[in-house]
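Colleague: Contents of data_30.tsv (TSV, C-alpha atoms and all ligand atoms) are given next:
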```
chain	number	residue	atom	x	y	z
A	20	MET	CA	21.08	7.24	2.43
A	21	THR	CA	17.54	6.87	3.68
A	22	LYS	CA	16.61	5.18	6.92
A	23	PHE	CA	14.40	2.27	5.94
A	24	ASP	CA	11.05	1.89	7.74
A	25	LYS	CA	10.88	-0.96	10.24
A	26	ILE	CA	7.59	-2.73	9.68
A	27	GLY	CA	5.51	-5.08	11.81
A	28	TYR	CA	4.08	-8.42	10.70
A	29	TRP	CA	0.73	-6.79	9.79
A	30	SER	CA	2.52	-4.71	7.15
A	31	GLU	CA	4.16	-7.85	5.80
A	32	VAL	CA	0.71	-9.41	5.51
A	33	LYS	CA	-0.50	-6.25	3.75
A	34	LEU	CA	2.40	-6.49	1.27
A	35	ASP	CA	1.57	-10.14	0.52
A	36	ILE	CA	-2.10	-9.32	-0.09
A	37	ILE	CA	-1.25	-6.43	-2.44
A	38	LYS	CA	1.30	-8.60	-4.27
A	39	GLU	CA	-1.29	-11.30	-4.94
A	40	TYR	CA	-3.92	-8.77	-5.99
A	41	ALA	CA	-1.50	-7.00	-8.34
A	42	ALA	CA	-0.46	-10.33	-9.91
A	43	ALA	CA	-4.09	-11.35	-10.51
A	44	TYR	CA	-4.93	-7.90	-11.89
A	45	SER	CA	-2.00	-7.94	-14.30
A	46	ARG	CA	-2.73	-11.50	-15.44
A	47	ILE	CA	-6.36	-10.66	-16.19
A	48	LEU	CA	-5.69	-7.34	-17.93
A	49	ASN	CA	-2.86	-8.86	-19.96
A	50	SER	CA	-5.04	-11.70	-21.24
A	51	TRP	CA	-7.90	-9.46	-22.40
A	52	ARG	CA	-8.39	-9.28	-26.20
A	53	ASN	CA	-10.72	-7.23	-28.43
A	54	PRO	CA	-10.01	-4.80	-27.04
A	55	SER	CA	-6.61	-5.33	-25.48
A	56	PHE	CA	-5.53	-2.94	-22.75
A	57	THR	CA	-2.40	-1.09	-21.67
A	58	HIS	CA	-2.43	-1.63	-17.93
A	59	VAL	CA	-0.35	0.43	-15.52
A	60	TYR	CA	0.57	0.32	-11.84
A	61	ILE	CA	0.27	3.45	-9.71
A	62	ASP	CA	1.76	3.58	-6.19
A	63	ALA	CA	0.80	6.93	-4.65
A	64	PHE	CA	2.55	6.41	-1.29
A	65	SER	CA	5.49	4.34	-2.56
A	66	GLY	CA	7.94	4.51	0.32
A	67	SER	CA	11.65	3.85	-0.21
A	68	GLY	CA	11.22	0.49	-1.94
A	69	ILE	CA	12.72	-1.54	0.88
A	70	HIS	CA	11.76	-2.07	4.52
A	71	ILE	CA	13.22	-3.89	7.50
A	72	SER	CA	11.09	-6.58	9.08
A	73	LYS	CA	10.71	-6.09	12.85
A	74	THR	CA	10.19	-9.85	13.13
A	75	THR	CA	13.20	-11.20	11.19
A	76	LYS	CA	15.34	-7.98	11.01
A	77	GLU	CA	15.78	-8.79	7.31
A	78	TYR	CA	15.31	-6.43	4.37
A	79	ILE	CA	12.04	-6.97	2.57
A	80	PRO	CA	10.77	-5.48	-0.71
A	81	GLY	CA	8.14	-2.75	-0.50
A	82	SER	CA	5.02	-2.44	-2.64
A	83	PRO	CA	6.70	-0.86	-5.73
A	84	LEU	CA	9.31	-3.63	-5.95
A	85	ASN	CA	6.66	-6.29	-5.56
A	86	ALA	CA	4.69	-4.71	-8.40
A	87	LEU	CA	7.80	-4.60	-10.60
A	88	ASN	CA	8.30	-8.33	-10.06
A	89	VAL	CA	4.75	-9.24	-11.09
A	90	GLU	CA	4.48	-11.58	-14.12
A	91	PRO	CA	3.18	-10.76	-16.67
A	92	PRO	CA	4.48	-7.25	-16.03
A	93	PHE	CA	2.51	-4.03	-15.99
A	94	LYS	CA	3.25	-1.87	-19.03
A	95	GLU	CA	4.09	1.26	-17.01
A	96	TYR	CA	4.75	2.19	-13.38
A	97	TYR	CA	3.96	5.52	-11.67
A	98	LEU	CA	5.64	5.77	-8.27
A	99	ILE	CA	5.12	8.78	-5.98
A	100	ASP	CA	6.41	9.79	-2.55
A	101	LEU	CA	6.48	13.05	-0.64
A	102	ASP	CA	9.82	12.35	1.03
A	103	SER	CA	12.88	13.19	-1.09
A	104	ASP	CA	15.15	10.68	0.70
A	105	LYS	CA	12.63	7.93	0.01
A	106	ILE	CA	12.36	8.85	-3.66
A	107	GLU	CA	16.17	8.88	-3.95
A	108	SER	CA	16.33	5.42	-2.39
A	109	LEU	CA	13.51	4.19	-4.62
A	110	LYS	CA	15.38	5.49	-7.67
A	111	GLU	CA	18.39	3.35	-6.73
A	112	VAL	CA	16.24	0.31	-6.05
A	113	VAL	CA	14.10	0.36	-9.21
A	114	GLY	CA	16.80	1.60	-11.60
A	115	ASP	CA	16.37	3.55	-14.78
A	116	SER	CA	13.78	2.40	-17.23
A	117	PRO	CA	11.62	4.34	-19.69
A	118	ASN	CA	8.43	2.76	-18.35
A	119	ILE	CA	9.09	3.66	-14.69
A	120	HIS	CA	8.04	7.19	-13.76
A	121	LEU	CA	9.07	8.58	-10.37
A	122	TYR	CA	7.48	11.66	-8.81
A	123	LYS	CA	8.56	13.48	-5.66
A	124	GLY	CA	5.73	15.40	-4.03
A	125	ASP	CA	2.22	15.27	-2.67
A	126	CYS	CA	0.46	12.45	-4.52
A	127	ASN	CA	-2.93	14.17	-4.53
A	128	PRO	CA	-2.27	16.87	-7.15
A	129	ILE	CA	0.16	14.57	-8.98
A	130	LEU	CA	-2.53	11.91	-9.38
A	131	LEU	CA	-5.20	14.39	-10.41
A	132	ASP	CA	-3.09	16.49	-12.79
A	133	ASP	CA	-0.39	14.15	-14.16
A	134	VAL	CA	-1.09	10.47	-13.67
A	135	PHE	CA	-4.85	9.87	-13.94
A	136	PRO	CA	-5.08	11.80	-17.25
A	137	LYS	CA	-2.69	9.16	-18.68
A	138	VAL	CA	-5.14	6.36	-17.89
A	139	LYS	CA	-8.21	7.28	-19.89
A	140	PHE	CA	-10.99	4.75	-20.38
A	141	GLY	CA	-11.40	5.64	-24.07
A	142	ASP	CA	-7.67	5.07	-24.75
A	143	TYR	CA	-8.02	1.42	-23.61
A	144	ARG	CA	-5.74	2.14	-20.70
A	145	ARG	CA	-6.40	0.74	-17.22
A	146	GLY	CA	-4.66	1.27	-13.90
A	147	LEU	CA	-4.28	-0.32	-10.50
A	148	CYS	CA	-3.73	2.48	-7.99
A	149	LEU	CA	-2.45	1.64	-4.51
A	150	LEU	CA	-3.22	4.19	-1.78
A	151	ASP	CA	-1.21	3.22	1.29
A	152	PRO	CA	-0.85	6.26	3.58
A	153	TYR	CA	0.47	6.09	7.16
A	154	GLY	CA	-2.72	7.70	8.44
A	155	LEU	CA	-5.79	9.59	7.35
A	156	HIS	CA	-4.07	11.59	4.64
A	157	LEU	CA	-6.33	10.59	1.82
A	158	ASN	CA	-7.80	13.27	-0.38
A	159	TRP	CA	-11.31	12.05	-1.11
A	160	GLU	CA	-11.38	14.09	-4.35
A	161	VAL	CA	-8.78	11.64	-5.67
A	162	LEU	CA	-11.05	8.70	-4.89
A	163	LYS	CA	-14.05	10.42	-6.46
A	164	LYS	CA	-12.04	11.16	-9.60
A	165	ALA	CA	-10.72	7.59	-9.82
A	166	GLY	CA	-14.26	6.24	-9.45
A	167	ASN	CA	-15.63	8.54	-12.14
A	168	MET	CA	-12.90	7.58	-14.62
A	169	LYS	CA	-14.01	3.92	-14.69
A	170	SER	CA	-10.52	2.96	-15.80
A	171	ILE	CA	-8.85	2.83	-12.39
A	172	ASP	CA	-9.05	0.17	-9.69
A	173	VAL	CA	-8.15	1.63	-6.30
A	174	PHE	CA	-6.64	-0.53	-3.58
A	175	ILE	CA	-6.79	1.35	-0.26
A	176	ASN	CA	-4.97	0.33	2.87
A	177	PHE	CA	-7.56	1.70	5.24
A	178	PRO	CA	-5.85	3.28	8.27
A	179	VAL	CA	-8.04	1.69	10.96
A	180	MET	CA	-5.69	2.63	13.83
A	181	ASP	CA	-5.76	6.30	12.87
A	182	ILE	CA	-9.54	6.21	12.53
A	183	ASN	CA	-9.94	4.60	15.95
A	184	ARG	CA	-7.62	7.17	17.43
A	185	ASN	CA	-8.92	10.32	15.79
A	186	VAL	CA	-12.39	9.83	14.41
A	187	LEU	CA	-14.30	7.52	16.72
A	188	TRP	CA	-13.40	9.48	19.86
A	189	ARG	CA	-15.89	12.34	20.26
A	190	ASP	CA	-13.86	13.71	23.18
A	191	SER	CA	-10.12	13.22	22.68
A	192	GLU	CA	-9.49	14.19	26.33
A	193	LYS	CA	-10.89	10.77	27.29
A	194	VAL	CA	-8.14	8.94	25.38
A	195	SER	CA	-5.70	7.48	27.88
A	196	VAL	CA	-2.07	8.64	27.89
A	197	GLU	CA	-0.95	5.09	26.99
A	198	ARG	CA	-3.29	5.01	23.99
A	199	LYS	CA	-2.01	8.41	22.78
A	200	LYS	CA	1.55	7.03	22.85
A	201	GLU	CA	0.66	3.96	20.68
B	1	LIG	C1	2.94	3.32	4.68
B	1	LIG	S1	4.26	4.11	3.78
B	1	LIG	C2	4.13	3.33	2.20
B	1	LIG	C3	4.69	1.94	2.15
B	1	LIG	C4	4.67	1.29	0.79
B	1	LIG	N1	3.37	1.41	0.13
B	1	LIG	C5	5.01	-0.17	0.93
B	1	LIG	O1	4.11	-0.94	1.33
B	1	LIG	O2	6.14	-0.56	0.65
B	1	LIG	C6	3.61	5.70	3.41
B	1	LIG	C7	4.49	6.58	2.54
B	1	LIG	O3	3.72	7.70	2.13
B	1	LIG	C8	4.57	8.83	2.01
B	1	LIG	N2	3.68	10.00	2.03
B	1	LIG	C9	3.07	10.60	3.07
B	1	LIG	N3	2.24	11.58	2.66
B	1	LIG	C10	2.33	11.59	1.29
B	1	LIG	C11	1.71	12.36	0.26
B	1	LIG	N4	0.83	13.31	0.56
B	1	LIG	N5	2.02	12.09	-1.02
B	1	LIG	C12	2.91	11.11	-1.33
B	1	LIG	N6	3.53	10.35	-0.40
B	1	LIG	C13	3.25	10.58	0.89
B	1	LIG	C14	5.54	8.69	3.18
B	1	LIG	O4	6.75	9.39	2.90
B	1	LIG	C15	5.73	7.16	3.22
B	1	LIG	O5	6.87	6.79	2.48
```
Output the structure of this file as structure tokens.
Modeller:
Amino acid sequence: MTKFDKIGYWSEVKLDIIKEYAAAYSRILNSWRNPSFTHVYIDAFSGSGIHISKTTKEYIPGSPLNALNVEPPFKEYYLIDLDSDKIESLKEVVGDSPNIHLYKGDCNPILLDDVFPKVKFGDYRRGLCLLDPYGLHLNWEVLKKAGNMKSIDVFINFPVMDINRNVLWRDSEKVSVERKKE
């Protein structure tokens, strides 16, 4: 059994924002006619599906579960995580359904080789792709590819803390010990 992530209030706010965005996206894509689209949800850093709120200590649904509860629903779901325990937990949480595709592994090659080719502009398929890494683990080739496809909306949770910690400091020796422990 996986240990669920304990998340702070800022992550709960993030989940609410993504939930609202995904609902609006699905509503708009679902209502489109001539042509009509097959719209899919892609969660490249899915997590285990459930978290524990540091504030309330209660279980709260993660981004894949929120997307699965969106009405009208997405037509297909592509959920990826590197961590095998998290994928096992996610499998239990989302259940077995022919339109839910789970992948265990590094999302970067999986997106480029397996998932994005299923969302081609000319096939009237469109995708909302959530990129929600813990830190600066984004492969910019993935973003370039998504942009060039013109069929994929990317929602990035930009890791500002990691950027402050690792990019903006020219000399990491000047970072205080307390800051390094954050
Ligand atoms: C911030 S959590 C995702 C939380 C989830 N989006 C949510 O809001 O419920 C980041 C996840 O990315 C996974 N991860 C880290 N590197 C990865 C990679 N290269 N490919 C796929 N998953 C990765 C971690 O195992 C972790 O579960």
Colleague: Any idea what the distance is between atom CA of A:Val173 and atom CA of A:Cys148?
Modeller: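 Going from atom CA of A:Val173 over to atom CA of A:Cys148 covers 4.8 Å.
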Colleague: Could you work out how far atom CA of A:Lys94 lies from atom CA of A:Phe56, giving the answer in Å with one decimal?
Modeller: 9.6 Å
Colleague: Produce as a list in words the set of residues near ligand LIG 1 (chain B), where near means within 6 Å with only C-alpha atoms and all ligand atoms considered.
Modeller: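 Result of the 6 Å neighbour search around ligand LIG 1 (chain B): Leu34, Ala63, Phe64, Ser65, Gly66, Gly68, Gly81, Ser82, Ile99, Asp100, Leu101, Asp102, Gly124, Asp125, Cys126, Asp151, Pro152 and Tyr153 of chain A.
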Colleague: Tell me which of A:Leu98, A:Ile119, A:Leu147, A:Val112 sits closest to A:Ser45, counting only C-alpha atoms.
Modeller: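 Answer, going by the shortest atom-to-atom distance: A:Leu147.
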Colleague: What's the 10 Å shell around A:Ala165, counting all atoms listed in the file, without same-chain residues fewer than 4 positions away, as a list in words?
Modeller: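 The filter keeps Leu130, Leu131, Phe135, Val138, Gly146, Cys148, Trp159, Glu160, Val161, Lys169, Ser170, Ile171, Asp172 and Val173 of chain A.
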Colleague: Take the residues that were just selected and, keeping C-alpha atoms, output them as a PDB file, in the coordinates of the input.
Modeller:
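Once everything was written out, this is result34.pdb:
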```pdb
ATOM      1  CA  LEU A 130      -2.530  11.910  -9.380  1.00  0.00           C
ATOM      2  CA  LEU A 131      -5.200  14.390 -10.410  1.00  0.00           C
ATOM      3  CA  PHE A 135      -4.850   9.870 -13.940  1.00  0.00           C
ATOM      4  CA  VAL A 138      -5.140   6.360 -17.890  1.00  0.00           C
ATOM      5  CA  GLY A 146      -4.660   1.270 -13.900  1.00  0.00           C
ATOM      6  CA  CYS A 148      -3.730   2.480  -7.990  1.00  0.00           C
ATOM      7  CA  TRP A 159     -11.310  12.050  -1.110  1.00  0.00           C
ATOM      8  CA  GLU A 160     -11.380  14.090  -4.350  1.00  0.00           C
ATOM      9  CA  VAL A 161      -8.780  11.640  -5.670  1.00  0.00           C
ATOM     10  CA  LYS A 169     -14.010   3.920 -14.690  1.00  0.00           C
ATOM     11  CA  SER A 170     -10.520   2.960 -15.800  1.00  0.00           C
ATOM     12  CA  ILE A 171      -8.850   2.830 -12.390  1.00  0.00           C
ATOM     13  CA  ASP A 172      -9.050   0.170  -9.690  1.00  0.00           C
ATOM     14  CA  VAL A 173      -8.150   1.630  -6.300  1.00  0.00           C
TER      15      VAL A 173
END
```
Colleague: Pick the closest to A:Asn118 from A:His70, A:His58, A:Lys76, A:His156: which is it, counting only C-alpha atoms?
Modeller: A:His58
Colleague: Quick one: residues within 10 Å of A:Val179, only C-alpha atoms counted, chain neighbours fewer than 5 positions away excluded, as a list of chain:residue names?
Modeller: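 With the cut-off at 10 Å, the set is A:Gly154, A:Leu155, A:Arg184, A:Asn185, A:Val186.
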Colleague: Pick from A:Glu31, A:Glu95, A:Glu39, A:Asp104: nearest to A:Pro80, with all atoms listed in the file counted?
Modeller: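 So, comparing all the options, the nearest one is A:Glu31.
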Colleague: Counting only C-alpha atoms, which residue out of A:Ala86, A:Leu162, A:Lys38, A:Lys33 sits closest to A:Asp62?
Modeller: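 Of A:Ala86, A:Leu162, A:Lys38, A:Lys33, the one nearest A:Asp62 is A:Ala86, counting only C-alpha atoms.
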Colleague: Would you pick out the contacts of A:Val89 at 12 Å or less, using only C-alpha atoms, so that residues sharing its chain but fewer than 6 positions from it are not included, and give the list as a PDB file with C-alpha atoms, in the coordinates of the input?
Modeller:
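Here's the written file selection_19.pdb:
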```
ATOM      1  CA  ILE A  37      -1.250  -6.430  -2.440  1.00  0.00           C
ATOM      2  CA  LYS A  38       1.300  -8.600  -4.270  1.00  0.00           C
ATOM      3  CA  GLU A  39      -1.290 -11.300  -4.940  1.00  0.00           C
ATOM      4  CA  TYR A  40      -3.920  -8.770  -5.990  1.00  0.00           C
ATOM      5  CA  ALA A  41      -1.500  -7.000  -8.340  1.00  0.00           C
ATOM      6  CA  ALA A  42      -0.460 -10.330  -9.910  1.00  0.00           C
ATOM      7  CA  ALA A  43      -4.090 -11.350 -10.510  1.00  0.00           C
ATOM      8  CA  TYR A  44      -4.930  -7.900 -11.890  1.00  0.00           C
ATOM      9  CA  SER A  45      -2.000  -7.940 -14.300  1.00  0.00           C
ATOM     10  CA  ARG A  46      -2.730 -11.500 -15.440  1.00  0.00           C
ATOM     11  CA  ASN A  49      -2.860  -8.860 -19.960  1.00  0.00           C
ATOM     12  CA  VAL A  59      -0.350   0.430 -15.520  1.00  0.00           C
ATOM     13  CA  TYR A  60       0.570   0.320 -11.840  1.00  0.00           C
ATOM     14  CA  SER A  82       5.020  -2.440  -2.640  1.00  0.00           C
ATOM     15  CA  PRO A  83       6.700  -0.860  -5.730  1.00  0.00           C
ATOM     16  CA  TYR A  96       4.750   2.190 -13.380  1.00  0.00           C
TER      17      TYR A  96
END
```
Colleague: Would you list the residues near (-5.7, 5.2, 1.9) (no more than 6 Å away, in the coordinates of the file, using all atoms listed in the file) as a tab-separated table (two decimals) with C-alpha atoms, keeping the file's coordinate frame?
Modeller:
```
chain	number	residue	atom	x	y	z
A	150	LEU	CA	-3.22	4.19	-1.78
A	151	ASP	CA	-1.21	3.22	1.29
A	152	PRO	CA	-0.85	6.26	3.58
A	157	LEU	CA	-6.33	10.59	1.82
A	175	ILE	CA	-6.79	1.35	-0.26
A	176	ASN	CA	-4.97	0.33	2.87
A	177	PHE	CA	-7.56	1.70	5.24
```
Colleague: Which distance in Å separates atom CA of A:Pro117 and atom CA of A:Tyr97, to one decimal?
Modeller: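 About the pair atom CA of A:Pro117 and atom CA of A:Tyr97: they are 11.2 Å apart.
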Colleague: Once 5 Å is added on each side, what centre and edge lengths in Å to one decimal does the axis-aligned box around all listed atoms of stretch 37-49 of chain A have, as JSON?
Modeller:
```
{"center_x": -2.5, "center_y": -9.0, "center_z": -11.2, "size_x": 17.7, "size_y": 15.1, "size_z": 27.5}
```
